[in-house]
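With compact mmCIF, C-alpha atoms and all ligand atoms inside, this is upload24.txt:
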# COMPACT_ATOMS: atom_id res chain seq x y z
CA MET A 1 121.44 115.08 -7.46
CA ARG A 2 122.31 113.06 -4.41
CA SER A 3 123.71 109.62 -4.91
CA PRO A 4 121.62 106.90 -3.31
CA SER A 5 122.54 105.70 0.13
CA HIS A 6 123.44 102.12 0.77
CA CYS A 7 122.58 99.88 3.66
CA GLN A 8 125.67 99.40 5.77
CA ALA A 9 124.71 95.80 6.46
CA CYS A 10 123.82 94.44 3.00
CA ARG A 11 124.91 97.26 0.66
CA ALA A 12 121.51 97.47 -0.98
CA PRO A 13 120.52 100.90 -2.27
CA ILE A 14 118.19 102.58 0.18
CA ARG A 15 116.56 105.94 0.62
CA TRP A 16 116.46 107.73 3.91
CA THR A 17 113.11 109.26 4.64
CA VAL A 18 111.59 111.14 7.52
CA THR A 19 108.34 109.73 8.81
CA ASP A 20 105.35 111.81 9.76
CA ARG A 21 106.48 111.30 13.34
CA GLY A 22 109.84 112.86 12.62
CA LYS A 23 111.83 109.64 12.70
CA ARG A 24 114.32 108.49 10.12
CA LEU A 25 113.25 105.45 8.14
CA ALA A 26 115.29 103.69 5.48
CA VAL A 27 113.21 102.33 2.62
CA ASP A 28 114.28 100.39 -0.43
CA ALA A 29 115.42 102.76 -3.14
CA GLU A 30 113.07 101.26 -5.69
CA PRO A 31 109.30 101.47 -5.23
CA HIS A 32 107.50 98.20 -4.65
CA PRO A 33 103.80 97.49 -5.32
CA ASP A 34 103.60 95.53 -2.08
CA GLY A 35 105.19 98.28 -0.05
CA ASN A 36 103.37 99.66 2.94
CA THR A 37 105.07 103.03 3.13
CA ALA A 38 104.09 106.01 1.02
CA VAL A 39 107.14 108.04 0.05
CA TYR A 40 107.24 111.45 -1.53
CA ARG A 41 109.55 114.40 -1.80
CA ASP A 42 108.62 117.70 -0.31
CA GLY A 43 109.39 121.10 -1.80
CA ARG A 44 112.77 121.22 -0.12
CA GLY A 45 113.94 117.90 -1.49
CA THR A 46 113.41 115.95 1.72
CA TRP A 47 112.01 112.46 1.31
CA LEU A 48 109.05 111.97 3.58
CA SER A 49 107.27 108.74 4.39
CA ARG A 50 104.05 107.74 6.04
CA ARG A 51 101.68 104.83 6.36
CA PRO A 52 98.74 105.17 3.99
CA THR A 53 95.39 104.89 5.77
CA THR A 54 91.81 104.61 4.65
CA GLU A 55 91.39 108.27 5.52
CA LEU A 56 94.58 109.28 3.74
CA PRO A 57 95.25 106.73 1.03
CA ILE A 58 98.19 106.81 -1.31
CA ALA A 59 98.30 110.07 -3.25
CA PRO A 60 99.24 110.46 -6.93
CA TRP A 61 102.54 112.06 -5.96
CA GLU A 62 103.45 109.29 -3.56
CA LYS A 63 105.02 105.94 -4.31
CA LEU A 64 104.84 102.78 -2.26
CA HIS A 65 108.12 101.51 -0.90
CA LYS A 66 109.08 98.74 1.44
CA PRO A 67 110.88 99.63 4.63
CA HIS A 68 114.39 98.33 4.17
CA VAL A 69 114.30 96.36 7.42
CA ALA A 70 111.70 94.13 5.76
CA THR A 71 114.00 93.20 2.89
CA CYS A 72 117.50 93.63 4.30
CA ALA A 73 119.49 90.53 3.40
CA ALA A 74 121.70 90.99 6.44
CA ARG A 75 118.82 90.93 8.87
CA GLN A 76 117.09 87.73 7.81
CA ASP A 77 118.24 86.08 10.99
CA ASP A 78 114.90 84.77 12.17
CA GLU A 79 115.61 81.27 10.96
CA PRO A 80 113.96 78.25 12.53
CA MET A 81 115.63 77.05 15.68
CA THR A 82 117.98 74.66 13.93
CA ARG A 83 120.31 74.78 16.89
CA CYS A 84 117.85 72.77 18.94
CA LEU A 85 118.57 69.74 16.75
CA GLY A 86 121.34 67.44 17.90
CA ILE A 87 121.66 68.60 21.44
CA ILE A 88 124.83 67.23 22.95
CA ARG A 89 125.28 66.71 26.63
CA LEU A 90 128.77 67.98 26.96
CA ASP A 91 129.05 66.83 30.54
CA ASP A 92 128.66 63.12 29.69
CA ALA A 93 131.72 62.27 27.63
CA PRO A 94 134.40 63.70 29.91
CA ALA A 95 132.89 61.88 32.87
CA ARG A 96 133.09 58.53 31.08
CA GLU A 97 136.64 59.19 30.03
CA ARG A 98 137.64 59.88 33.58
CA ASP A 99 136.11 56.59 34.73
CA GLN A 100 138.17 54.50 32.37
ZN ZN B 201 120.30 96.03 4.33

Let me see whether you can do it: turn the structure in this file into structure tokens.
Amino acid sequence: MRSPSHCQACRAPIRWTVTDRGKRLAVDAEPHPDGNTAVYRDGRGTWLSRRPTTELPIAPWEKLHKPHVATCAARQDDEPMTRCLGIIRLDDAPARERDQ
């Protein structure tokens, strides 16, 4: 029994899978009904993942998970551009001070 892995960024439990293209993909350890990744374990104990399609929908032995990048608390950095508010012209104040 392998202990679950944890995301190095947010410490959430994750599961490393291998996609059908042979790439490593971290998914949330717990299945999620809104997940878009079908995860199952092959006969050797490797967790495999793939995108369900209309031709190959989710199978009874597969569970839907969310890719961890979609839920990672440490990667929610796409906030609105709050830095655009309150633009300061840094070159103004020193110039005025010099003139006094
Ligand atoms: Zn994370």

Open item on the list: I want to know what sits within 9 Å of A:Val69, based on all atoms listed in the file, with residues of the same chain fewer than 3 positions away left out; could you give that as a ChimeraX atom specification?
Closed with: /A:26-28,66,72-73,75

TODO: Residues within 8 Å of ligand ZN 201 (chain B), counting all atoms listed in the file: report them as a list in words.
DONE: His6, Cys7, Gln8, Ala9, Cys10, Arg11, Ala12, His68, Val69, Thr71, Cys72, Ala73, Ala74 and Arg75 of chain A

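A straight line drawn from atom CA of A:Pro67 to atom CA of A:Asn36 is 7.7 Å long.
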
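Across the model, the gap from atom CA of A:Arg44 to atom CA of A:Lys63 is 17.6 Å.
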
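Of the listed residues A:Leu48, A:Ile58, A:Ala29, A:Leu64, the one whose atoms come nearest to A:Pro13 is A:Ala29, with distances taken using all atoms listed in the file.
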
Task: Atom pair atom CA of A:Glu62 / atom CA of A:Leu25: separation (Å) - done: 15.7 Å

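In this comparison, which uses only C-alpha atoms, the residue of A:Thr37, A:Ser49, A:Thr54, A:Thr17 approaching A:Pro4 most closely is A:Thr17.
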
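Across A:Pro60, A:Ser5, A:His32, A:Asp42, the tightest approach to A:Val18 is made by A:Asp42 when counting only C-alpha atoms.
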